[in-house]
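K.L.:
Just my_file20.cif, nothing more (mmCIF, C-alpha atoms):
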```cif
data_run
#
loop_
_atom_site.label_atom_id
_atom_site.label_comp_id
_atom_site.auth_asym_id
_atom_site.auth_seq_id
_atom_site.Cartn_x
_atom_site.Cartn_y
_atom_site.Cartn_z
CA MET A 87 45.01 42.52 44.90
CA LYS A 88 45.91 42.54 41.24
CA PRO A 89 47.84 45.54 39.88
CA ALA A 90 45.96 48.50 38.43
CA VAL A 91 45.46 48.71 34.68
CA VAL A 92 47.93 51.14 33.09
CA LEU A 93 46.25 53.49 30.62
CA SER A 94 47.83 55.94 28.23
CA ALA A 95 47.03 59.65 28.50
CA ALA A 96 44.86 59.42 25.36
CA GLU A 97 42.91 56.51 26.81
CA ARG A 98 42.33 58.35 30.08
CA TRP A 99 41.01 61.41 28.27
CA ARG A 100 38.85 59.21 26.04
CA LEU A 101 37.28 57.57 29.11
CA LEU A 102 36.70 60.95 30.70
CA LEU A 103 35.14 62.64 27.65
CA GLY A 104 33.24 59.72 26.16
CA GLU A 105 32.56 58.55 22.64
CA ALA A 106 32.23 62.09 21.32
CA ALA A 107 35.98 62.53 21.74
CA GLN A 108 36.88 59.37 19.83
CA GLN A 109 37.83 61.12 16.58
CA SER A 110 39.61 64.05 18.21
CA LEU A 111 41.85 61.70 20.17
CA GLY A 112 42.77 59.64 17.14
CA GLY A 113 41.00 56.48 18.24
CA GLY A 114 41.64 56.95 21.93
CA LEU A 115 40.88 53.51 23.33
CA GLY A 116 42.63 51.51 20.66
CA ASP A 117 41.92 47.77 20.74
CA GLY A 118 42.27 47.23 24.51
CA ALA A 119 39.48 45.01 25.84
CA THR A 120 39.86 46.34 29.40
CA ALA A 121 39.63 49.98 28.34
CA ALA A 122 36.58 49.16 26.22
CA ALA A 123 34.92 47.48 29.20
CA MET A 124 35.70 50.54 31.33
CA ASP A 125 34.11 52.78 28.71
CA ARG A 126 31.02 50.58 28.59
CA ALA A 127 30.62 50.76 32.37
CA LEU A 128 31.10 54.54 32.45
CA ALA A 129 28.70 55.04 29.53
CA TRP A 130 26.05 52.95 31.30
CA LEU A 131 26.09 55.37 34.21
CA TYR A 132 26.95 58.76 32.73
CA GLY A 133 25.46 58.26 29.29
CA ARG A 134 21.97 59.20 30.51
CA ASP A 135 20.17 62.51 30.85
CA GLU A 136 21.39 64.86 33.57
CA PRO A 137 18.92 65.24 36.47
CA GLU A 138 16.89 68.46 36.32
CA GLY A 139 18.68 71.45 37.78
CA ASP A 140 21.97 69.60 38.13
CA ALA A 141 24.43 71.47 35.98
CA THR A 142 27.29 71.32 38.42
CA ASP A 143 28.91 68.42 36.64
CA SER A 144 27.94 69.32 33.08
CA ARG A 145 31.57 69.57 32.08
CA GLU A 146 32.22 65.99 33.17
CA ARG A 147 32.25 63.01 30.89
CA GLN A 148 29.70 62.89 28.08
CA GLY A 149 28.40 59.40 27.55
CA GLY A 150 28.77 57.28 24.49
CA GLY A 151 25.93 56.93 22.07
CA GLY A 152 25.74 53.13 21.98
CA ALA A 153 23.01 51.39 23.92
CA SER A 154 24.14 49.13 26.74
CA GLN A 155 22.30 46.10 28.05
CA LEU A 156 24.05 45.96 31.42
CA THR A 157 21.87 45.23 34.43
CA VAL A 158 22.57 46.88 37.79
CA PRO A 159 24.18 43.76 39.30
CA GLU A 160 26.32 43.29 36.19
CA TRP A 161 27.40 46.93 36.29
CA ILE A 162 28.33 46.70 39.98
CA ASN A 163 30.38 43.58 39.34
CA ASP A 164 32.08 45.15 36.31
CA ILE A 165 33.21 48.33 38.05
CA HIS A 166 34.65 46.33 40.95
CA GLU A 167 36.70 44.32 38.48
CA LEU A 168 37.83 47.28 36.39
CA PHE A 169 38.47 50.31 38.60
CA PRO A 170 40.50 51.20 41.69
CA ARG A 171 38.75 51.54 45.03
CA GLU A 172 38.51 55.35 45.03
CA THR A 173 36.86 55.34 41.60
CA ILE A 174 34.43 52.60 42.62
CA GLU A 175 33.28 54.65 45.61
CA ARG A 176 32.68 57.69 43.37
CA LEU A 177 30.78 55.65 40.78
CA GLU A 178 28.56 54.01 43.41
CA ARG A 179 27.87 57.35 45.08
CA ASP A 180 26.96 58.96 41.73
CA ALA A 181 24.74 56.02 40.81
CA ILE A 182 22.73 56.31 44.03
CA GLU A 183 22.78 60.03 44.82
CA ARG A 184 22.97 61.60 41.37
CA TYR A 185 20.98 59.20 39.23
CA GLY A 186 18.83 57.41 41.81
CA ILE A 187 19.95 53.96 40.69
CA ASP A 188 19.15 52.12 43.91
CA GLU A 189 17.77 48.83 42.64
CA VAL A 190 20.11 46.64 44.67
CA VAL A 191 21.33 48.65 47.60
CA THR A 192 18.35 50.74 48.77
CA ASN A 193 15.12 49.48 47.23
CA PRO A 194 13.64 46.57 49.24
CA GLU A 195 10.85 45.95 46.72
CA VAL A 196 13.27 45.45 43.87
CA LEU A 197 15.53 43.28 46.01
CA ALA A 198 12.58 41.16 47.17
CA ARG A 199 11.61 40.49 43.54
CA ALA A 200 15.15 39.74 42.42
CA GLU A 201 15.89 36.26 41.11
CA PRO A 202 18.66 34.75 43.28
CA ASN A 203 21.72 33.97 41.18
CA PRO A 204 25.53 34.12 41.58
CA ALA A 205 25.83 37.50 39.79
CA LEU A 206 23.32 39.11 42.15
CA LEU A 207 25.07 37.49 45.12
CA LYS A 208 28.33 39.14 44.08
CA ALA A 209 26.60 42.50 43.70
CA VAL A 210 25.10 42.21 47.18
CA MET A 211 28.50 41.25 48.62
CA ARG A 212 30.07 44.31 47.05
CA THR A 213 27.42 46.79 48.17
CA LYS A 214 26.20 45.46 51.53
CA HIS A 215 28.10 48.23 53.31
CA LEU A 216 25.73 50.73 51.63
CA MET A 217 22.51 49.01 52.73
CA ASN A 218 20.26 50.08 55.55
CA PRO A 219 19.28 47.38 58.10
CA HIS A 220 15.95 46.53 56.43
CA VAL A 221 17.49 46.09 52.99
CA LEU A 222 20.40 44.19 54.50
CA ALA A 223 17.97 41.70 56.06
CA LEU A 224 16.41 41.08 52.64
CA ALA A 225 19.87 40.77 51.11
CA ARG A 226 20.79 38.15 53.69
CA GLN A 227 17.77 36.09 52.62
CA LEU A 228 18.87 36.33 48.99
CA VAL A 229 22.41 35.28 49.94
CA ALA A 230 20.99 32.31 51.85
CA LYS A 231 19.05 31.09 48.81
CA VAL A 232 22.05 31.22 46.48
CA VAL A 233 24.36 29.64 49.07
CA LYS A 234 21.87 26.83 49.67
CA GLU A 235 21.93 25.94 45.97
CA LEU A 236 25.73 26.03 45.89
CA ILE A 237 25.97 23.80 48.98
CA GLU A 238 23.52 21.26 47.61
CA LYS A 239 25.57 20.98 44.44
CA LEU A 240 28.97 20.81 46.14
CA ALA A 241 27.82 18.40 48.86
CA LYS A 242 27.30 15.76 46.18
CA ASP A 243 30.84 16.26 44.90
CA VAL A 244 32.24 16.05 48.42
CA GLN A 245 30.28 12.89 49.20
CA ARG A 246 31.38 11.33 45.91
CA SER A 247 35.03 12.24 46.52
CA PHE A 248 35.17 10.96 50.07
CA SER A 249 33.02 7.83 49.74
CA GLY A 250 35.00 4.63 49.45
CA THR A 251 38.21 6.26 50.61
CA ARG A 252 38.17 5.15 54.22
CA ARG A 253 41.31 3.49 55.52
CA ARG A 254 41.04 -0.28 55.34
CA GLN A 255 40.72 -1.71 58.84
CA ARG A 256 43.51 -3.95 60.06
CA ILE A 257 42.56 -7.56 60.90
CA SER A 258 43.68 -9.07 64.19
CA SER A 259 43.28 -12.42 65.97
CA ARG A 260 42.30 -10.58 69.15
CA GLY A 261 39.42 -8.29 69.88
CA SER A 262 36.06 -7.82 71.56
CA PHE A 263 32.68 -9.07 70.38
CA SER A 264 31.86 -5.65 68.92
CA GLN A 265 35.00 -5.91 66.76
CA PHE A 266 34.16 -9.35 65.30
CA ALA A 267 34.90 -9.41 61.56
CA ALA A 268 32.23 -11.87 60.43
CA ARG A 269 32.76 -11.76 56.68
CA GLU A 270 36.55 -11.99 56.88
CA THR A 271 36.32 -14.79 59.46
CA LEU A 272 34.04 -16.86 57.22
CA ARG A 273 36.18 -16.25 54.16
CA ARG A 274 39.39 -17.34 55.83
CA ASN A 275 37.84 -20.41 57.52
CA LEU A 276 36.06 -21.86 54.49
CA LYS A 277 38.83 -24.48 54.22
CA HIS A 278 37.51 -25.94 57.47
CA PHE A 279 34.03 -26.55 56.03
CA ASP A 280 32.44 -29.68 57.56
CA THR A 281 30.67 -31.38 54.66
CA ALA A 282 28.89 -33.90 56.89
CA GLY A 283 27.54 -31.30 59.29
CA ARG A 284 27.26 -28.71 56.53
CA ARG A 285 28.87 -26.02 58.63
CA VAL A 286 32.01 -23.95 58.79
CA LEU A 287 34.25 -24.70 61.72
CA ILE A 288 35.70 -21.47 63.04
CA GLU A 289 39.19 -22.33 64.16
CA ARG A 290 40.49 -18.78 64.09
CA PRO A 291 38.03 -15.92 64.70
CA LEU A 292 39.17 -12.58 63.37
CA PHE A 293 38.54 -9.06 64.63
CA TYR A 294 38.94 -5.53 63.39
CA ALA A 295 41.83 -3.89 65.17
CA ASN A 296 40.19 -0.52 64.74
CA THR A 297 36.43 -0.23 64.45
CA ARG A 298 36.44 3.53 63.82
CA ARG A 299 35.26 4.21 60.30
CA THR A 300 36.74 7.69 60.23
CA LEU A 301 39.74 9.40 58.75
CA GLU A 302 42.82 10.03 60.81
CA PRO A 303 42.49 13.47 62.42
CA TRP A 304 43.51 16.21 59.97
CA GLN A 305 43.53 19.98 59.99
CA VAL A 306 42.55 21.80 56.79
CA PHE A 307 43.30 25.54 56.62
CA LEU A 308 41.53 27.56 53.93
CA LEU A 309 43.31 30.92 53.73
CA VAL A 310 41.18 33.17 51.54
CA ASP A 311 42.30 36.45 49.96
CA GLN A 312 39.35 38.84 50.35
CA SER A 313 40.53 41.44 47.84
CA GLY A 314 37.78 42.47 45.45
CA SER A 315 39.12 40.52 42.48
CA MET A 316 38.81 37.26 44.46
CA LEU A 317 35.10 37.54 45.29
CA GLY A 318 34.06 34.39 43.39
CA SER A 319 36.72 32.41 45.22
CA VAL A 320 35.63 33.88 48.58
CA ILE A 321 32.07 32.70 48.00
CA HIS A 322 33.10 29.19 47.02
CA SER A 323 35.63 28.96 49.84
CA ALA A 324 32.90 29.66 52.38
CA VAL A 325 30.67 27.02 50.81
CA THR A 326 33.51 24.49 50.57
CA ALA A 327 34.49 25.03 54.20
CA SER A 328 30.90 24.41 55.26
CA CYS A 329 30.77 21.12 53.36
CA LEU A 330 34.12 19.97 54.76
CA TRP A 331 32.99 20.80 58.30
CA GLY A 332 30.76 17.73 58.48
CA LEU A 333 33.46 15.25 57.48
CA PRO A 334 34.62 12.94 60.29
CA GLY A 335 38.20 13.46 61.36
CA VAL A 336 38.61 16.78 59.53
CA ARG A 337 38.88 20.07 61.43
CA THR A 338 38.36 22.98 59.06
CA HIS A 339 39.81 26.43 59.65
CA LEU A 340 38.54 29.29 57.47
CA VAL A 341 40.70 32.42 57.52
CA ALA A 342 40.08 35.57 55.47
CA PHE A 343 42.85 38.07 54.95
CA ASP A 344 43.86 41.33 53.34
CA THR A 345 46.56 43.18 55.25
CA GLU A 346 44.94 41.81 58.42
CA VAL A 347 43.85 38.28 59.30
CA VAL A 348 40.29 37.39 60.36
CA ASP A 349 39.60 33.87 61.63
CA LEU A 350 36.07 32.86 60.55
CA SER A 351 36.33 29.26 61.75
CA ASP A 352 33.64 29.80 64.39
CA SER A 353 31.12 30.52 61.61
CA VAL A 354 32.13 27.79 59.16
CA GLN A 355 28.84 25.94 59.65
CA ASP A 356 26.98 29.08 58.55
CA PRO A 357 28.43 30.25 55.21
CA VAL A 358 25.84 33.01 54.98
CA GLU A 359 27.19 34.53 58.19
CA VAL A 360 30.73 34.13 56.84
CA LEU A 361 29.91 36.01 53.65
CA MET A 362 28.12 38.79 55.48
CA ARG A 363 31.22 39.26 57.68
CA VAL A 364 33.70 39.41 54.79
CA GLN A 365 35.11 42.87 54.10
CA LEU A 366 36.16 43.11 50.47
CA GLY A 367 39.00 45.30 49.30
CA GLY A 368 42.15 46.59 50.93
CA GLY A 369 45.68 45.36 50.43
CA THR A 370 47.08 41.85 50.56
CA ASP A 371 49.52 40.20 52.97
CA ILE A 372 49.54 36.49 52.14
CA GLY A 373 52.60 35.86 54.28
CA LYS A 374 50.82 37.08 57.42
CA ALA A 375 47.93 34.68 56.79
CA VAL A 376 50.29 31.74 56.26
CA ALA A 377 52.18 32.64 59.44
CA TYR A 378 48.84 32.63 61.29
CA ALA A 379 48.16 29.08 60.09
CA VAL A 380 51.69 27.94 60.97
CA GLU A 381 51.12 28.88 64.61
CA ARG A 382 47.96 26.75 64.78
CA ILE A 383 49.13 23.54 63.16
CA GLU A 384 49.11 20.72 65.72
CA ALA A 385 50.45 17.77 63.70
CA PRO A 386 52.47 19.00 60.68
CA ARG A 387 52.18 15.75 58.71
CA ARG A 388 48.39 15.75 59.12
CA ALA A 389 47.78 19.32 58.05
CA ILE A 390 46.87 20.88 54.72
CA VAL A 391 47.16 24.61 54.03
CA VAL A 392 45.16 25.87 51.03
CA ILE A 393 46.01 29.43 49.97
CA VAL A 394 43.24 30.93 47.82
CA SER A 395 44.73 34.07 46.27
CA ASP A 396 45.77 35.79 43.06
CA PHE A 397 49.31 35.93 44.58
CA TYR A 398 49.73 39.66 44.05
CA GLU A 399 51.53 40.02 47.36
CA GLY A 400 51.52 43.39 49.07
CA GLY A 401 53.69 42.18 51.93
CA SER A 402 57.08 40.51 51.89
CA GLU A 403 57.40 37.91 49.14
CA HIS A 404 60.57 36.64 50.82
CA ALA A 405 58.68 35.99 54.08
CA LEU A 406 55.85 34.23 52.25
CA VAL A 407 58.19 31.93 50.33
CA GLY A 408 60.06 31.18 53.56
CA HIS A 409 56.88 30.18 55.39
CA VAL A 410 55.78 27.90 52.55
CA ARG A 411 59.24 26.32 52.32
CA ALA A 412 59.19 25.58 56.06
CA LEU A 413 55.68 24.09 55.87
CA CYS A 414 56.60 21.75 53.03
CA ALA A 415 59.84 20.73 54.76
CA GLN A 416 57.95 19.64 57.88
CA GLY A 417 55.56 17.48 55.88
CA THR A 418 52.58 19.83 55.66
CA LYS A 419 50.83 19.82 52.29
CA VAL A 420 50.45 23.27 50.72
CA LEU A 421 48.10 24.02 47.84
CA GLY A 422 47.99 27.44 46.20
CA LEU A 423 44.71 28.11 44.41
CA ALA A 424 44.74 30.95 41.94
CA ALA A 425 40.99 30.53 41.55
CA LEU A 426 38.27 28.53 43.30
CA ASP A 427 35.06 28.88 41.35
CA GLU A 428 32.98 27.20 38.66
CA GLN A 429 35.03 28.66 35.80
CA ALA A 430 38.51 28.21 37.34
CA ASN A 431 39.92 30.80 34.92
CA PRO A 432 42.53 32.58 37.03
CA GLU A 433 44.42 35.82 36.64
CA TYR A 434 47.36 35.73 39.01
CA ASP A 435 51.02 36.57 39.59
CA ARG A 436 52.66 33.62 37.87
CA ALA A 437 56.16 34.60 38.98
CA LEU A 438 55.35 34.41 42.70
CA ALA A 439 53.21 31.30 42.21
CA GLY A 440 56.21 29.71 40.47
CA ARG A 441 58.46 30.53 43.43
CA LEU A 442 55.99 28.83 45.79
CA ALA A 443 55.90 25.77 43.53
CA ASP A 444 59.69 25.66 43.54
CA VAL A 445 59.76 25.28 47.35
CA GLY A 446 57.23 22.45 47.40
CA ALA A 447 53.74 23.88 47.07
CA GLN A 448 51.29 22.70 44.46
CA VAL A 449 49.71 25.57 42.51
CA ALA A 450 46.53 25.19 40.49
CA ALA A 451 43.12 26.63 39.67
CA MET A 452 40.23 24.38 40.64
CA THR A 453 36.48 24.18 40.81
CA PRO A 454 35.11 23.39 44.29
CA GLY A 455 34.46 19.80 43.19
CA GLN A 456 38.05 19.39 42.03
CA LEU A 457 39.29 20.73 45.38
CA ALA A 458 37.15 18.17 47.21
CA ALA A 459 38.65 15.37 45.13
CA TRP A 460 42.17 16.68 45.74
CA LEU A 461 41.61 16.85 49.49
CA ALA A 462 40.13 13.35 49.55
CA GLU A 463 43.23 12.01 47.82
CA LYS A 464 45.62 13.76 50.23
CA LEU A 465 43.67 12.90 53.39
CA ASN A 466 43.69 9.22 52.58
#
```
Spell out the structure here as structure tokens.
P.N.:
Amino acid sequence: MKPAVVLSAAERWRLLLGEAAQQSLGGGLGDGATAAAMDRALAWLYGRDEPEGDATDSRERQGGGGASQLTVPEWINDIHELFPRETIERLERDAIERYGIDEVVTNPEVLARAEPNPALLKAVMRTKHLMNPHVLALARQLVAKVVKELIEKLAKDVQRSFSGTRRRQRISSRGSFSQFAARETLRRNLKHFDTAGRRVLIERPLFYANTRRTLEPWQVFLLVDQSGSMLGSVIHSAVTASCLWGLPGVRTHLVAFDTEVVDLSDSVQDPVEVLMRVQLGGGTDIGKAVAYAVERIEAPRRAIVVIVSDFYEGGSEHALVGHVRALCAQGTKVLGLAALDEQANPEYDRALAGRLADVGAQVAAMTPGQLAAWLAEKLN
């Protein structure tokens, strides 16, 4: 979980009172982009007429005068990026109970008409805990449509990355009929071509020593930080894990974590179920998740641990660095992903990420397609 934005007293009062207080506070918000985004989100909600007969909160923030073009899903996504958890809960409660803004979380007709897209998927993920069972069933259908599109796109990248990367089979002079290497046998016996009989004399038949056209068995652990700021990466991690599941010789483990660890590996084939089980928010204990993976590695030199996190560690940084150092020392490949989404524009704790890189981990921000290519390279 990334650290809270630090605001000055003037900025806090400006956000509370609205645009009308701009002059009195001597500018108030200054040039800060984050504070301006906060003001825009608050103005979208509170900058509307008070409901009839509701004067109890009339002394609260007066909205700004500028028109905002935010949609409900965009507003939900914005407040989850900008505000602490307690504030988010108050804003969502006011939106639903005070202003009747229930387009996503309580209105099945609106949800049924909604155009499936990644922004709406994020809004559903962030508000599913507020939905009644009927609305939640409709939301699941919407999630399924968006996930299906993401899988179809990523599956092509995975297939492209892993095609042509199979281990070349070793040739042997011994083997069974089913292992006969016809093309290699002909190529190597062409020097025995009988011109009179117009035939190739096979003096030395050749066989494949291993007919399995699969990768060596590998374990891939995707450890996914489920703090609110990592939602895009959570979505793409679930989709990526589903695509990796079908690869021969690869056993995929999907683990979500905050201060606790939840193993979602039994649902990897159903990314919709994975996303509906994710609980966003809470603290972050990356070290605990890495320790969980350490206990389940069977062959250290054929294991890859991918940590998807912003690296704002709420637990012991010393313990985390120690676990990663031990993994790298035993031959396990460790990749720290500060972002796993289509933009791959991360905001993360560079100091801690640097410490992990110093002990042998690779740290990057990748799109799902780039992760597939990276894994294909390491697995082969």
K.L.:
Nearest residue to Val391 in chain A out of A:Lys419, A:Arg256, A:Arg226, A:Arg273, using all atoms listed in the file?
P.N.:
A:Lys419
K.L.:
Measuring atom to atom with only C-alpha atoms, identify which of A:Ile321, A:Ala200, A:Val341, A:Leu330 is nearest to Asp427 in chain A.
P.N.:
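Using only C-alpha atoms, Asp427 in chain A sits closest to A:Ile321.
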K.L.:
Suppose you want the space between CA of Gly369 in chain A and CA of Asp311 in chain A; what is it in Å?
P.N.:
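Between CA of Gly369 in chain A and CA of Asp311 in chain A the gap works out to 9.5 Å.
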K.L.:
Give me, please, the distance in Å between CA of Glu381 in chain A and CA of Val407 in chain A, quoted to one decimal.
P.N.:
16.2 Å
K.L.:
Could you check the closest approach to Leu224 in chain A for each of A:Val348, A:Ala324, A:Ala443, A:Val210 and tell me which residue wins, using all atoms listed in the file?
P.N.:
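With all atoms listed in the file as the atom set, the closest residue is A:Val210.
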K.L.:
What gap, in Å, lies between CA of Gly373 in chain A and CA of Leu340 in chain A?
P.N.:
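Between these atoms lies a distance of 15.8 Å.
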K.L.:
Name the residues captured by the PyMOL selection byres ((chain A and resi 319) around 10) when it is applied to the shown file; answer as a ChimeraX atom specification.
P.N.:
/A:310-312,315-318,320-325,394-396,423-428,430,452-454
K.L.:
Please write the residues from the selection above to a file, keeping C-alpha atoms, as a tab-separated table (two decimals), keeping the file's coordinate frame.
P.N.:
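Listing of again16.tsv after writing:
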```tsv
chain	number	residue	atom	x	y	z
A	310	VAL	CA	41.18	33.17	51.54
A	311	ASP	CA	42.30	36.45	49.96
A	312	GLN	CA	39.35	38.84	50.35
A	315	SER	CA	39.12	40.52	42.48
A	316	MET	CA	38.81	37.26	44.46
A	317	LEU	CA	35.10	37.54	45.29
A	318	GLY	CA	34.06	34.39	43.39
A	320	VAL	CA	35.63	33.88	48.58
A	321	ILE	CA	32.07	32.70	48.00
A	322	HIS	CA	33.10	29.19	47.02
A	323	SER	CA	35.63	28.96	49.84
A	324	ALA	CA	32.90	29.66	52.38
A	325	VAL	CA	30.67	27.02	50.81
A	394	VAL	CA	43.24	30.93	47.82
A	395	SER	CA	44.73	34.07	46.27
A	396	ASP	CA	45.77	35.79	43.06
A	423	LEU	CA	44.71	28.11	44.41
A	424	ALA	CA	44.74	30.95	41.94
A	425	ALA	CA	40.99	30.53	41.55
A	426	LEU	CA	38.27	28.53	43.30
A	427	ASP	CA	35.06	28.88	41.35
A	428	GLU	CA	32.98	27.20	38.66
A	430	ALA	CA	38.51	28.21	37.34
A	452	MET	CA	40.23	24.38	40.64
A	453	THR	CA	36.48	24.18	40.81
A	454	PRO	CA	35.11	23.39	44.29
```
K.L.:
With only C-alpha atoms as the counted atoms, please give the residues lying no more than 9 Å from Glu346 in chain A, apart from itself and same-chain residues fewer than 2 positions off, as a PyMOL selection string.
P.N.:
chain A and resi 342-344+348+369-371+374-375
K.L.:
Would you kindly translate the PyMOL selection byres ((chain A and resi 194) around 12) into the concrete residues it picks from this file, as a list in words?
P.N.:
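Evaluating the PyMOL selection byres ((chain A and resi 194) around 12) on this file yields Asp188, Glu189, Val190, Val191, Thr192, Asn193, Glu195, Val196, Leu197, Ala198, Arg199, Ala200, Met217, Asn218, Pro219, His220, Val221, Leu222, Ala223, Leu224, Ala225, Arg226, Gln227 and Leu228 of chain A.
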K.L.:
Pick out the closest residue to Val92 in chain A from this set: A:Val358, A:Leu168, A:Trp460, A:Arg134. Count all atoms listed in the file.
P.N.:
A:Leu168
K.L.:
Using the chain letters and numbers from this file, what does the PyMOL selection byres ((chain A and resi 124) around 8) select? Give the answer as a PyMOL selection string.
P.N.:
chain A and resi 101+120-123+125-128+165+168-169
K.L.:
Name all residues at most 9 Å from Ala268 in chain A (count all atoms listed in the file; drop same-chain ones fewer than 6 positions away) and give them as a PyMOL selection string.
P.N.:
chain A and resi 291-293
K.L.:
Here's a test: counting all atoms listed in the file, identify every protein, DNA and RNA residue with an atom at most 7 Å from (58.2, 18.1, 59.5) in the file's coordinate frame, and state them as a PyMOL selection string.
P.N.:
chain A and resi 386-387+415-417
K.L.:
For the residues in that selection, give me C-alpha atoms as a PDB file, keeping the file's coordinate frame.
P.N.:
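Output contents, as saved in selection-v6.pdb:
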```pdb
ATOM      1  CA  PRO A 386      52.470  19.000  60.680  1.00  0.00           C
ATOM      2  CA  ARG A 387      52.180  15.750  58.710  1.00  0.00           C
ATOM      3  CA  ALA A 415      59.840  20.730  54.760  1.00  0.00           C
ATOM      4  CA  GLN A 416      57.950  19.640  57.880  1.00  0.00           C
ATOM      5  CA  GLY A 417      55.560  17.480  55.880  1.00  0.00           C
TER       6      GLY A 417
END
```
K.L.:
Name the closest residue to Tyr378 in chain A among the candidates A:Ala405, A:Val347, A:Leu216, A:Ile393; distances are taken between atoms, counting all atoms listed in the file.
P.N.:
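Smallest separation from Tyr378 in chain A among the options: A:Val347.
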K.L.:
Would you list the contacts of Glu178 in chain A as a list of chain:residue names, taking every protein, DNA or RNA residue within 10 Å and counting all atoms listed in the file, but skipping same-chain residues closer than 3 positions in sequence?
P.N.:
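What passes the distance filter is A:Leu131, A:Ile162, A:Ile165, A:Thr173, A:Ile174, A:Glu175, A:Ala181, A:Ile182, A:Glu183, A:Arg184, A:Ile187, A:Asp188, A:Val191, A:Thr213, A:Leu216.
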K.L.:
Determine, counting all atoms listed in the file, which protein, DNA and RNA residues have an atom within 9 Å of an atom of Pro202 in chain A; residues of the same chain fewer than 2 positions away are not included. Present the result as a count of residues only.
P.N.:
9
